[in-house]
Amino acid sequence: MANGFSTPIDRRTLFRFGAAGLALAGVGSLAACSTSGGGGATGTIKMLYFGEQSAATALQKAIEPKIRQLDKKASLQVTAINGTDWNDFLAKVLTQIASGDVPDIVSVATEGQQLLASKDLLTPLDDLVTKNLSGLSAYFKGIHPSLVESTMYQGHLYTLPDSFNAGSMFYSTSLFEKAGLARPAANWSMDDFHSSAERLAKVGGSTYAFDWVVRLWGSWTSFLYANDGNLLEEGRYSGGDWLWGSKAFDGNAVGVSGRKGGWKWGDPTANSDAAVEALQYVIDLQKSGASPSPDVGGGSTLQGLFSSGRIGMTIGGGFWAGGLHNAGMKNGSFDVVQFPTWKSNKSLFGAGGYGIFNSSKQKDLAFEVIKLMVQPESFDALWPGNVTTPAQKSLLTADRYETTGPEHWSVFYDQLDNSVPISAPPYYNALATALNQRTTQAISSGNAKKALDGLQADIEKAAAQAS
């Protein structure tokens, strides 16, 4: 995936760190922290990075001096792994680990966390977090608890998230104006969405009302969630009281009532009535000419169509702000609204953060590095240009979006209140691959039910093999 959204624009276009120096505050106070735990002497901290090696090298040069303030003998080596989407990245990570080359830190999103944790590749951060609660008080006070809960598995915390993207609806203000449409209401419905699509389809001039990408996040699955469905039964693991019952979230505006030990994905429901209705809906939009044929994986075609004024609406998260700006769209030429309500107002999100490999012999030092990267003052150095959404609410301000837009940037965080994490069980790679294949089948055949019956069988097989 390309730096700066110049090519495929997808949910995380991930871990594109700035080439400029990493101006991290508070490093001096961390230098006094013990780094002797986790087994073994300090040496080279190795980190896996989803992106291009040029950006990984820039990250390494920026952070390494800060790490040496923590431990003079420590150094940093950041290795990039490129891929079209998370399942591609994760497959390459597993191949590297199987060869015996296991780093200390990995940047990982919701898609890969349970996969890595279930294979005992990631170390639980429970003890490290508990020992460092005082130093993490601002972090937990300022983050939405749903993001933290989404990074738990079987009661244990495996990553500290620094960013997320929830599935909202972006729209072209110029095409809305041409269609005689006002900004959608915050509580707009699927009927409202459909009538808007019908109006936009009549604008003409090689424009489309809506476009989407074939993948797990922000695809026809957004309509599935709004239709009160999911690909898997939703549940939660017990546990997590070590965190939710501590003082970590004291002063957090959202609160931790009802939080548990992470999302537990149950039996497949890929061919439910809600799923069939949702997929058939977007297929019928394409049949009517209101939507072009979607790409699989990255969204370079979608980005090009939207930025050139040919797409009226599309699903996106906070990453679209910087992505569309980098593609040449000016502030005011696009805006965002929460995803429309169908049978529910449920939406989806994915969080990204940093975990420590279980085999690392420098866990304490690795955790100090992670603490540096998740601090609010680190965000803009790590994620320049609004190419993802900050996990810390304090960072979502009018000043942040003054240059890129959109005007209603507050939607990004507000969308979390009614969102659940994307379905990412330990067999995520098989799930994502099957979804792409069966969705493509449905588009080709026009028959959502038959394709989703096949997806149901695919997921049942993958779940059985994983168990």
# chains A, B, ... in the order shown; residues from 1 in each chain; ligands from 1
>>> residues_around(residues="range 283-287 of chain A", least_positions_apart="2", cutoff="12 Å", atoms="only C-alpha atoms", output="CSV table (one decimal) with C-alpha atoms, in the first residue's frame")
chain,number,residue,atom,x,y,z
A,193,PHE,CA,-29.7,7.0,1.5
A,194,HIS,CA,-31.6,5.3,-1.3
A,195,SER,CA,-33.5,8.4,-2.3
A,197,ALA,CA,-28.7,7.7,-4.5
A,198,GLU,CA,-31.6,7.9,-7.0
A,201,ALA,CA,-27.8,8.8,-10.4
A,208,TYR,CA,-22.1,7.4,-10.0
A,209,ALA,CA,-24.2,7.7,-6.9
A,210,PHE,CA,-22.1,5.3,-4.8
A,211,ASP,CA,-19.0,3.2,-4.8
A,212,TRP,CA,-17.4,0.6,-2.5
A,214,VAL,CA,-14.5,-5.6,-1.9
A,219,SER,CA,-17.5,-3.0,2.1
A,220,TRP,CA,-21.1,-4.3,1.7
A,223,PHE,CA,-24.8,-2.4,5.2
A,276,VAL,CA,-28.3,-11.7,1.9
A,277,GLU,CA,-30.4,-8.5,2.0
A,278,ALA,CA,-27.4,-6.3,2.5
A,279,LEU,CA,-25.2,-7.8,-0.3
A,280,GLN,CA,-28.1,-8.0,-2.7
A,281,TYR,CA,-28.8,-4.3,-2.1
A,289,GLY,CA,-26.1,1.8,-12.9
A,290,ALA,CA,-25.9,3.8,-9.7
A,291,SER,CA,-22.6,2.1,-8.7
A,292,PRO,CA,-19.6,0.9,-10.8
A,293,SER,CA,-18.0,-2.5,-10.4
A,294,PRO,CA,-15.9,-2.4,-7.2
A,439,THR,CA,-18.4,-11.3,-2.9
A,440,THR,CA,-16.8,-11.3,-6.4
A,441,GLN,CA,-18.9,-14.4,-7.2
A,442,ALA,CA,-22.1,-12.5,-6.1
A,443,ILE,CA,-21.2,-9.5,-8.2
A,444,SER,CA,-20.6,-11.7,-11.3
A,445,SER,CA,-23.7,-13.8,-10.9
A,446,GLY,CA,-26.0,-11.2,-9.4
A,447,ASN,CA,-27.1,-13.9,-6.8
A,448,ALA,CA,-26.2,-12.9,-3.2
A,449,LYS,CA,-27.9,-15.9,-1.6
A,451,ALA,CA,-22.7,-16.8,-3.0
>>> residues_around(residues="Glu402 in chain A", least_positions_apart="5", cutoff="9 Å", atoms="only C-alpha atoms", output="mmCIF file with C-alpha atoms, in the first residue's frame")
data_model
loop_
_atom_site.group_PDB
_atom_site.id
_atom_site.type_symbol
_atom_site.label_atom_id
_atom_site.label_comp_id
_atom_site.auth_asym_id
_atom_site.auth_seq_id
_atom_site.Cartn_x
_atom_site.Cartn_y
_atom_site.Cartn_z
ATOM 1 C CA ASN A 331 -11.497 21.376 2.075
ATOM 2 C CA THR A 397 -9.993 19.294 16.903
ATOM 3 C CA GLU A 407 -16.231 20.166 8.079
#
>>> atom_distance(atom1="CA of Asp414 in chain A", atom2="CA of Gly142 in chain A")
14.2 Å
>>> closest_residue(among="A:Ala270, A:Ala351, A:Val203, A:Leu243", to="Arg310 in chain A", atoms="only C-alpha atoms")
A:Val203
>>> closest_residue(among="A:Leu116, A:Val256, A:Ala55, A:Leu452", to="Asp273 in chain A", atoms="only C-alpha atoms")
A:Leu452
>>> closest_residue(among="A:Leu59, A:Ala226, A:Leu200, A:Asp127", to="Ala381 in chain A", atoms="only C-alpha atoms")
A:Leu59
>>> closest_atom_pairs(of="range 163-231 of chain A", to="range 78-96 of chain A", cutoff="12 Å", atoms="only C-alpha atoms", output="Markdown table")
| residue | atom | partner | partner_atom | distance |
| --- | --- | --- | --- | --- |
| A:Val213 | CA | A:Asp85 | CA | 11.8 |
| A:Val214 | CA | A:Asp85 | CA | 11.1 |
| A:Arg215 | CA | A:Asp85 | CA | 8.6 |
| A:Leu216 | CA | A:Asp85 | CA | 9.9 |
| A:Trp217 | CA | A:Asp85 | CA | 10.4 |
>>> write_last_selection(atoms="N, CA, C and O atoms", output="CSV table (one decimal), in the first residue's frame")
chain,number,residue,atom,x,y,z
A,213,VAL,N,-15.6,-1.0,-2.0
A,213,VAL,CA,-14.4,-1.8,-2.3
A,213,VAL,C,-14.7,-3.2,-1.7
A,213,VAL,O,-15.3,-3.3,-0.6
A,214,VAL,N,-14.3,-4.3,-2.4
A,214,VAL,CA,-14.5,-5.6,-1.9
A,214,VAL,C,-13.5,-6.0,-0.9
A,214,VAL,O,-12.3,-6.2,-1.2
A,215,ARG,N,-13.8,-6.0,0.4
A,215,ARG,CA,-12.9,-6.3,1.5
A,215,ARG,C,-13.8,-6.4,2.8
A,215,ARG,O,-15.0,-6.1,2.7
A,216,LEU,N,-13.2,-6.8,3.9
A,216,LEU,CA,-14.0,-7.0,5.1
A,216,LEU,C,-14.4,-5.7,5.7
A,216,LEU,O,-15.5,-5.5,6.1
A,217,TRP,N,-13.5,-4.7,5.7
A,217,TRP,CA,-13.8,-3.4,6.4
A,217,TRP,C,-14.4,-2.5,5.3
A,217,TRP,O,-13.9,-2.3,4.2
>>> closest_residue(among="A:Val336, A:Leu115, A:Ala186, A:Ala462", to="Pro425 in chain A", atoms="only C-alpha atoms")
A:Leu115
>>> closest_residue(among="A:Val282, A:Ser150, A:Thr130, A:Gly262", to="Ser246 in chain A", atoms="only C-alpha atoms")
A:Thr130
>>> closest_atom_pairs(of="range 344-418 of chain A", to="range 154-170 of chain A", cutoff="6 Å", atoms="only C-alpha atoms", output="Markdown table")
| residue | atom | partner | partner_atom | distance |
| --- | --- | --- | --- | --- |
| A:Leu348 | CA | A:Gly167 | CA | 5.7 |
| A:Phe349 | CA | A:Ala166 | CA | 4.0 |
| A:Gly350 | CA | A:Phe164 | CA | 5.6 |
| A:Ala351 | CA | A:Phe164 | CA | 4.1 |
| A:Gly352 | CA | A:Pro161 | CA | 5.2 |
| A:Gly353 | CA | A:Pro161 | CA | 3.8 |
| A:Tyr354 | CA | A:Thr159 | CA | 5.1 |
| A:Gly355 | CA | A:Thr159 | CA | 4.5 |
| A:Val374 | CA | A:Asp162 | CA | 5.2 |
| A:Thr389 | CA | A:Phe164 | CA | 5.4 |
| A:Pro390 | CA | A:Ser163 | CA | 4.7 |
| A:Ala391 | CA | A:Ser163 | CA | 4.4 |
>>> select_by_dssp(residues="range 16-231 of chain A", states="helix (DSSP H, G or I)", output="JSON, numbers by chain")
{"A": [27, 28, 29, 30, 53, 54, 55, 56, 57, 58, 59, 60, 61, 62, 63, 64, 65, 66, 67, 68, 69, 70, 86, 87, 88, 89, 90, 91, 92, 93, 94, 95, 96, 97, 98, 110, 111, 112, 113, 114, 115, 116, 117, 118, 126, 127, 128, 129, 130, 131, 134, 135, 136, 137, 138, 139, 140, 141, 142, 145, 146, 147, 148, 149, 173, 174, 175, 176, 177, 178, 190, 191, 192, 193, 194, 195, 196, 197, 198, 199, 200, 201, 221, 222, 223, 224, 225, 226]}
>>> select_by_dssp(residues="range 228-375 of chain A", states="strand (DSSP E or B)", output="VMD selection string")
chain A and resid 232 to 236 263 to 268 295 to 296 311 to 316 334 to 337 341 347 to 357
>>> closest_residue(among="A:Asp335, A:Glu149, A:Asp104, A:Asp71", to="Pro421 in chain A", atoms="only C-alpha atoms")
A:Glu149
>>> residues_around(residues="Leu128 in chain A", least_positions_apart="4", cutoff="9 Å", atoms="only C-alpha atoms", output="mmCIF file with C-alpha atoms, in the first residue's frame")
data_model
loop_
_atom_site.group_PDB
_atom_site.id
_atom_site.type_symbol
_atom_site.label_atom_id
_atom_site.label_comp_id
_atom_site.auth_asym_id
_atom_site.auth_seq_id
_atom_site.Cartn_x
_atom_site.Cartn_y
_atom_site.Cartn_z
ATOM 1 C CA PRO A 124 -0.207 -10.311 27.069
ATOM 2 C CA ASN A 132 2.899 1.356 34.353
ATOM 3 C CA LEU A 133 -0.632 2.569 35.174
ATOM 4 C CA LYS A 363 9.890 -6.937 26.701
ATOM 5 C CA ASP A 364 10.303 -4.066 29.163
ATOM 6 C CA PHE A 367 7.025 -1.690 26.082
#
>>> atom_distance(atom1="CA of Asp267 in chain A", atom2="CA of Ser189 in chain A")
29.0 Å
